[in-house]
Structure formats: structure tokens, C-alpha cells
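Enquirer: File name upload.cif; file contents mmCIF, C-alpha atoms; full text below.
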data_coords
#
loop_
_atom_site.label_atom_id
_atom_site.label_comp_id
_atom_site.auth_asym_id
_atom_site.auth_seq_id
_atom_site.Cartn_x
_atom_site.Cartn_y
_atom_site.Cartn_z
CA MET A 193 -13.69 13.52 -42.40
CA ARG A 194 -17.02 13.88 -40.59
CA TRP A 195 -17.07 10.13 -39.87
CA ARG A 196 -13.54 10.26 -38.50
CA GLY A 197 -14.48 13.16 -36.23
CA GLY A 198 -17.51 11.26 -34.98
CA ALA A 199 -15.46 8.14 -34.32
CA LEU A 200 -12.86 10.16 -32.40
CA LEU A 201 -15.59 11.79 -30.33
CA ALA A 202 -17.06 8.38 -29.54
CA LEU A 203 -13.66 7.11 -28.41
CA LEU A 204 -13.17 10.15 -26.18
CA VAL A 205 -16.62 9.74 -24.63
CA GLY A 206 -15.92 6.04 -24.05
CA ALA A 207 -12.61 6.79 -22.36
CA LEU A 208 -14.19 9.42 -20.11
CA SER A 209 -17.01 7.04 -19.24
CA ALA A 210 -14.51 4.34 -18.31
CA CYS A 211 -12.65 6.76 -16.05
CA SER A 212 -15.86 7.89 -14.34
CA SER A 213 -17.25 4.38 -13.89
CA ILE A 214 -14.75 3.28 -11.24
CA GLU A 215 -16.86 1.61 -8.58
CA PRO A 216 -16.26 3.21 -5.17
CA TYR A 217 -15.48 1.03 -2.20
CA ASP A 218 -18.40 -0.06 -0.02
CA TYR A 219 -17.63 1.58 3.33
CA THR A 220 -20.75 0.30 5.11
CA ALA A 221 -18.84 -1.92 7.56
CA PHE A 222 -16.21 0.74 8.11
CA ARG A 223 -18.76 3.45 8.93
CA ALA A 224 -20.56 1.10 11.33
CA ASN A 225 -17.31 0.41 13.25
CA PRO A 226 -14.95 3.34 12.61
CA PRO A 227 -11.57 2.62 14.25
CA ARG A 228 -9.52 5.13 16.18
CA SER A 229 -6.38 3.05 16.66
CA ILE A 230 -4.68 0.63 14.27
CA LEU A 231 -2.17 -2.10 15.06
CA VAL A 232 -0.03 -2.77 11.98
CA LEU A 233 1.52 -6.23 11.70
CA PRO A 234 4.62 -6.94 9.58
CA PRO A 235 3.38 -8.07 6.16
CA LEU A 236 3.59 -11.63 4.96
CA ASP A 237 6.33 -11.99 2.35
CA ASP A 238 5.33 -13.66 -0.94
CA THR A 239 8.29 -12.18 -2.82
CA MET A 240 11.61 -13.74 -3.80
CA GLU A 241 13.60 -11.09 -1.94
CA VAL A 242 15.40 -11.36 1.40
CA GLU A 243 13.17 -10.22 4.26
CA PRO A 244 11.51 -7.08 2.83
CA SER A 245 8.73 -7.29 5.41
CA TYR A 246 10.25 -4.99 8.03
CA ALA A 247 11.60 -2.57 5.44
CA TYR A 248 8.10 -2.10 4.07
CA LEU A 249 6.65 -1.93 7.59
CA SER A 250 8.73 1.19 8.22
CA THR A 251 6.79 3.08 5.52
CA VAL A 252 3.25 2.45 6.77
CA SER A 253 2.86 4.42 10.01
CA HIS A 254 3.29 7.85 8.41
CA PRO A 255 0.45 7.71 5.85
CA LEU A 256 -1.91 6.19 8.43
CA GLY A 257 -1.04 8.92 10.93
CA GLU A 258 -1.54 11.56 8.24
CA LEU A 259 -5.03 10.17 7.66
CA GLY A 260 -5.89 10.70 11.32
CA TYR A 261 -5.34 7.39 13.12
CA TYR A 262 -3.34 6.44 16.18
CA VAL A 263 -0.85 3.82 15.01
CA PHE A 264 0.78 1.59 17.60
CA PRO A 265 4.58 1.91 17.29
CA VAL A 266 5.42 -0.85 14.82
CA ALA A 267 8.90 -1.57 16.18
CA VAL A 268 7.59 -1.90 19.74
CA VAL A 269 4.76 -4.20 18.66
CA SER A 270 7.09 -6.44 16.63
CA LYS A 271 9.66 -6.67 19.43
CA MET A 272 7.00 -7.47 22.02
CA MET A 273 5.61 -10.27 19.85
CA GLN A 274 9.06 -11.68 19.10
CA ASP A 275 9.87 -11.69 22.82
CA ASN A 276 6.71 -13.70 23.40
CA GLY A 277 7.45 -16.55 21.02
CA LEU A 278 6.25 -15.10 17.70
CA PRO A 279 9.44 -14.84 15.62
CA GLY A 280 8.03 -13.72 12.28
CA PRO A 281 5.10 -12.23 10.37
CA ALA A 282 3.37 -15.59 9.81
CA GLU A 283 3.25 -16.30 13.54
CA MET A 284 2.15 -12.74 14.31
CA HIS A 285 -0.70 -12.96 11.81
CA SER A 286 -1.95 -16.08 13.59
CA VAL A 287 -2.54 -14.30 16.91
CA SER A 288 -6.23 -14.22 17.82
CA LEU A 289 -8.08 -10.91 17.83
CA ALA A 290 -9.09 -11.61 21.43
CA LYS A 291 -5.40 -11.71 22.40
CA VAL A 292 -4.72 -8.51 20.42
CA ASP A 293 -7.55 -6.84 22.32
CA GLU A 294 -6.28 -8.12 25.66
CA ILE A 295 -2.68 -7.00 25.16
CA PHE A 296 -2.93 -3.88 23.03
CA GLY A 297 -6.54 -2.73 23.13
CA ALA A 298 -6.41 -1.79 19.44
CA ASP A 299 -9.60 -1.02 17.53
CA ALA A 300 -8.40 -2.61 14.29
CA VAL A 301 -5.54 -4.69 12.89
CA LEU A 302 -3.97 -4.09 9.50
CA TYR A 303 -2.92 -7.33 7.78
CA MET A 304 -0.76 -7.03 4.67
CA VAL A 305 0.90 -9.25 2.06
CA LEU A 306 3.82 -8.24 -0.16
CA SER A 307 3.83 -9.87 -3.61
CA ASN A 308 6.58 -7.76 -5.24
CA TRP A 309 9.62 -6.02 -3.82
CA GLY A 310 12.89 -4.96 -5.38
CA THR A 311 14.63 -4.15 -8.63
CA SER A 312 14.84 -6.34 -11.72
CA TYR A 313 17.41 -5.74 -14.45
CA GLN A 314 17.12 -6.33 -18.18
CA VAL A 315 19.42 -5.43 -21.06
CA ILE A 316 18.13 -1.89 -21.62
CA ASP A 317 15.85 -1.37 -18.66
CA SER A 318 15.60 -1.80 -14.93
CA SER A 319 12.50 -1.39 -12.81
CA THR A 320 11.75 -1.37 -9.10
CA THR A 321 8.34 -2.67 -8.10
CA VAL A 322 6.45 -2.94 -4.83
CA SER A 323 3.03 -4.61 -4.70
CA VAL A 324 0.96 -4.92 -1.53
CA GLU A 325 -2.47 -6.13 -0.47
CA ALA A 326 -4.08 -5.00 2.79
CA ARG A 327 -7.05 -5.84 5.02
CA LEU A 328 -8.21 -3.76 7.97
CA VAL A 329 -10.08 -5.96 10.46
CA ASP A 330 -12.21 -4.85 13.39
CA VAL A 331 -10.81 -6.38 16.61
CA ALA A 332 -14.13 -6.60 18.44
CA THR A 333 -16.13 -8.32 15.68
CA GLY A 334 -13.59 -9.81 13.24
CA ILE A 335 -15.32 -7.99 10.39
CA GLU A 336 -13.20 -6.70 7.52
CA LEU A 337 -13.66 -2.92 7.56
CA TRP A 338 -11.61 -2.10 4.48
CA GLY A 339 -9.27 -3.73 1.99
CA GLY A 340 -7.26 -2.82 -1.04
CA SER A 341 -4.18 -3.41 -3.15
CA ALA A 342 -1.67 -1.23 -4.95
CA THR A 343 1.56 -1.34 -6.92
CA GLY A 344 4.31 1.26 -7.08
CA ARG A 345 6.89 1.17 -9.86
CA ILE A 346 9.76 3.22 -11.26
CA SER A 347 11.66 2.37 -14.42
CA SER A 348 15.01 3.51 -15.78
CA SER A 349 13.43 3.95 -19.22
CA SER A 350 10.89 6.51 -18.02
CA GLY A 351 11.35 9.64 -20.09
CA GLN A 352 14.08 8.06 -22.25
CA SER A 353 13.33 8.27 -25.96
CA GLY A 354 16.37 6.56 -27.50
CA LEU A 355 18.35 3.35 -27.13
CA ILE A 356 21.42 5.15 -25.72
CA GLY A 357 19.29 6.99 -23.21
CA MET A 358 17.65 3.76 -22.10
CA LEU A 359 21.02 2.03 -21.71
CA VAL A 360 22.43 4.91 -19.69
CA GLY A 361 19.31 4.99 -17.55
CA ALA A 362 19.56 1.27 -16.80
CA VAL A 363 23.24 1.56 -15.82
CA VAL A 364 22.65 4.60 -13.63
CA ASN A 365 19.70 2.92 -11.94
CA GLN A 366 21.75 -0.22 -11.23
CA ILE A 367 24.59 1.80 -9.70
CA ALA A 368 22.13 3.82 -7.60
CA ALA A 369 20.47 0.63 -6.36
CA THR A 370 23.81 -0.65 -5.05
CA ILE A 371 24.21 2.53 -3.02
CA SER A 372 20.67 2.91 -1.70
CA ASP A 373 17.68 0.65 -2.18
CA PRO A 374 14.98 2.53 -4.16
CA SER A 375 12.34 0.05 -2.94
CA LEU A 376 11.48 2.21 0.07
CA GLU A 377 10.58 5.19 -2.12
CA VAL A 378 8.56 2.91 -4.41
CA ALA A 379 6.81 1.47 -1.34
CA ARG A 380 5.75 5.00 -0.38
CA ARG A 381 4.28 5.43 -3.86
CA ALA A 382 2.39 2.15 -3.44
CA ASN A 383 1.09 3.36 -0.07
CA ALA A 384 -0.14 6.57 -1.65
CA GLY A 385 -2.21 4.50 -4.07
CA LEU A 386 -3.33 2.04 -1.42
CA PHE A 387 -4.48 4.45 1.27
CA GLY A 388 -5.03 7.62 -0.74
CA ASP A 389 -7.09 6.49 -3.72
CA ARG A 390 -10.09 8.83 -3.95
CA HIS A 391 -12.50 6.00 -4.80
CA ARG A 392 -11.23 3.06 -2.79
CA GLY A 393 -8.70 4.39 -0.27
CA LEU A 394 -8.95 4.50 3.51
CA LEU A 395 -11.33 7.05 4.98
CA HIS A 396 -9.99 9.79 7.24
CA GLY A 397 -9.70 8.86 10.90
CA PRO A 398 -10.96 10.66 14.04
CA TYR A 399 -7.80 12.73 14.49
CA HIS A 400 -8.21 14.42 11.12
CA GLU A 401 -10.40 17.45 10.44
CA LEU A 402 -12.04 15.59 7.55
CA TRP A 403 -12.96 12.59 9.72
CA GLY A 404 -15.17 10.10 7.88
CA THR A 405 -14.61 11.49 4.39
CA GLY A 406 -12.54 10.03 1.58
CA PRO A 407 -8.75 10.37 1.56
CA GLU A 408 -8.99 13.36 -0.79
CA GLY A 409 -11.80 14.98 1.15
#
Can you give me the file's structure in the form of C-alpha cells?
Expert:
Amino acid sequence: MRWRGGALLALLVGALSACSSIEPYDYTAFRANPPRSILVLPPLDDTMEVEPSYAYLSTVSHPLGELGYYVFPVAVVSKMMQDNGLPGPAEMHSVSLAKVDEIFGADAVLYMVLSNWGTSYQVIDSSTTVSVEARLVDVATGIELWGGSATGRISSSSGQSGLIGMLVGAVVNQIAATISDPSLEVARRANAGLFGDRHRGLLHGPYHELWGTGPEG
């Protein structure tokens, strides 16, 4: 019994050590060139879904604004670029930083890539997943100031303990998805992990009272 107690204690200590050993992001470049304004480009789409780029783009301005940054209106930026011969995200991502500076005067550009978007259905389960990678690049120097990745997910089997419950959950989730796409809500969850992670999230911007500190203060 004493050995079992000691083994359990060792496991608990190991688990706590693993949780506390998350390496924080190196914010050296960010602190040397802290941006005030961010231009967000529509993300590149590496998913199998139909044009999720602009749907996801609609979820990004709010968390960045809440962190204390001026965010250029994403719809205006996209329309301006499209009107000037850049029809999609790939072409927009190819624009030089010098041109971004000349036209918009932004301090930093946020480049993103979507690798998952949408709902997949199985016999007794359905899940909606959004995965995104992001890089924040300083316009003046081209230096990457910050980067990260996150995944948001909801599943119909969450909280269901039996086969019938799982089946009902999958059916309900499929019906709900035909009425309103849950991907936007899942994208917001992914953004919370991407920008708000206490160890590796984006630091507060100049229009926030906690300017320069981590996303959780």
C-alpha cells in the first residue's frame, strides 16, 4: 500500500511538472518592435472545404481589438486588394511589405493558414474542427514578431455516456449544422487559444491598460 501511494505521488508530481514546464514564447523581437496597428490578410486555405478563408477572417478583428491593437477593417482591405488585381489570399500574401507600408502604413501584418475547417460525420459521432497557424511580421524590418497555432473542436459525443446518447448527439449536431455552420463558433475558440494562451499568446497592445504584458496579464 505504501509503495502504491508513493507511485501515485510520483505520477502526480510528474504531471504537475509537465504542466509547469511549458516553455514560454520568446518575445524579444516583439518587445523590440511593438506594433500599434495590424493589417490582417485573409488566411491561405489548406483545407478541403469551400472558401472558408473569409468566414474565418470575420472572427479575427475582435480578439485583436480586445488585446489593444488597431486592426485595419478586414473587409475594406480585402476589397481594396481585389480591386487592384489581387483576387485571393495567395495573391494578397505575395504583396511586398514595402507596398503594404506605402498603401496602408500598418506596423505589422498578420499572415495565417487554415489547415482544418468544418464538420466531419461518423456513425456515432460528429466533430467540428478549426485549425490555424499565424505569423505576425513587422512591416519595417520583415522580422517575425510572434507566431503560433491553435485548434478549436467540438464533438457531438462530448458529455454523452451511452451509445444512444452518442447517436442522438450526432444526429442533432448534423441537423444543427445544416441550419447554421458551427465552424464560426469553433473558430472563436481556436482564436482564444491562439491569441490568449498565457504562455505563448499575443502580448497586450498599446490601447490596453496591460500594454506589454501577457494576454492574461
Enquirer: Specify as a list in words each residue included when the PyMOL selection byres ((chain A and resi 218) around 10) is applied to this file.
Expert: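 Those residues are Glu215, Pro216, Tyr217, Tyr219, Thr220, Ala221, Phe222, Arg223, Leu337, Trp338, His391 and Arg392 of chain A.
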Enquirer: To verify the selection step, state as an MDAnalysis selection string which residues the PyMOL selection byres ((chain A and resi 325) around 8) yields on this input.
Expert: chainID A and resid 304:307 323:324 326:327 339:342
Enquirer: May I ask which of the residues A:Thr333, A:Asn276, A:Ser229, A:Thr311 is the closest one to Leu259 in chain A, counting all atoms listed in the file?
Expert: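 Under the stated criterion, the closest residue is A:Ser229.
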Enquirer: Can you find the residues with an atom no farther than 12 Å from (9.1, 3.0, 14.4), counting only C-alpha atoms, and report them as a PyMOL selection string?
Expert: chain A and resi 232+234+246-254+263-271
Enquirer: Using the chain letters and numbers from this file, what does the PyMOL selection byres ((chain A and resi 244) around 10) select? Give the answer as a list of chain:residue names.
Expert: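 Those residues are A:Pro234, A:Pro235, A:Leu236, A:Asp237, A:Asp238, A:Thr239, A:Met240, A:Glu241, A:Val242, A:Glu243, A:Ser245, A:Tyr246, A:Ala247, A:Tyr248, A:Leu249, A:Leu306, A:Asn308, A:Trp309, A:Gly310, A:Ser375, A:Leu376.
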Enquirer: Just give me the gap between CA of Ala384 in chain A and CA of Gly344 in chain A in Å, one decimal is fine.
Expert: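 Answer for the CA of Ala384 in chain A to CA of Gly344 in chain A separation: 8.8 Å.
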Enquirer: Go ahead and compute the interatomic distance for CA of Gly409 in chain A and CA of Asp299 in chain A, in Å to one decimal.
Expert: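 Separation between CA of Gly409 in chain A and CA of Asp299 in chain A: 23.0 Å.
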Enquirer: So, counting only C-alpha atoms, which residue among A:Val301, A:Leu278, A:Leu289, A:Met272 is closest to Leu233 in chain A?
Expert: A:Val301
Enquirer: Mind giving me the straight-line distance from CA of Ser286 in chain A to CA of Pro226 in chain A in Å, one decimal?
Expert: 23.4 Å
Enquirer: Residues within 7 Å of Val378 in chain A, please, as a VMD selection string. Count all atoms listed in the file; anything in the same chain fewer than 2 positions from it doesn't count.
Expert: chain A and resid 321 to 322 344 to 346 374 to 376 380 to 382
Enquirer: Between A:Met273, A:Ile335, A:Leu394, A:Ala379, which residue has the minimum interatomic distance to Ala224 in chain A, considering all atoms listed in the file?
Expert: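 Checking each of A:Met273, A:Ile335, A:Leu394, A:Ala379 against Ala224 in chain A, counting all atoms listed in the file, the winner is A:Ile335.
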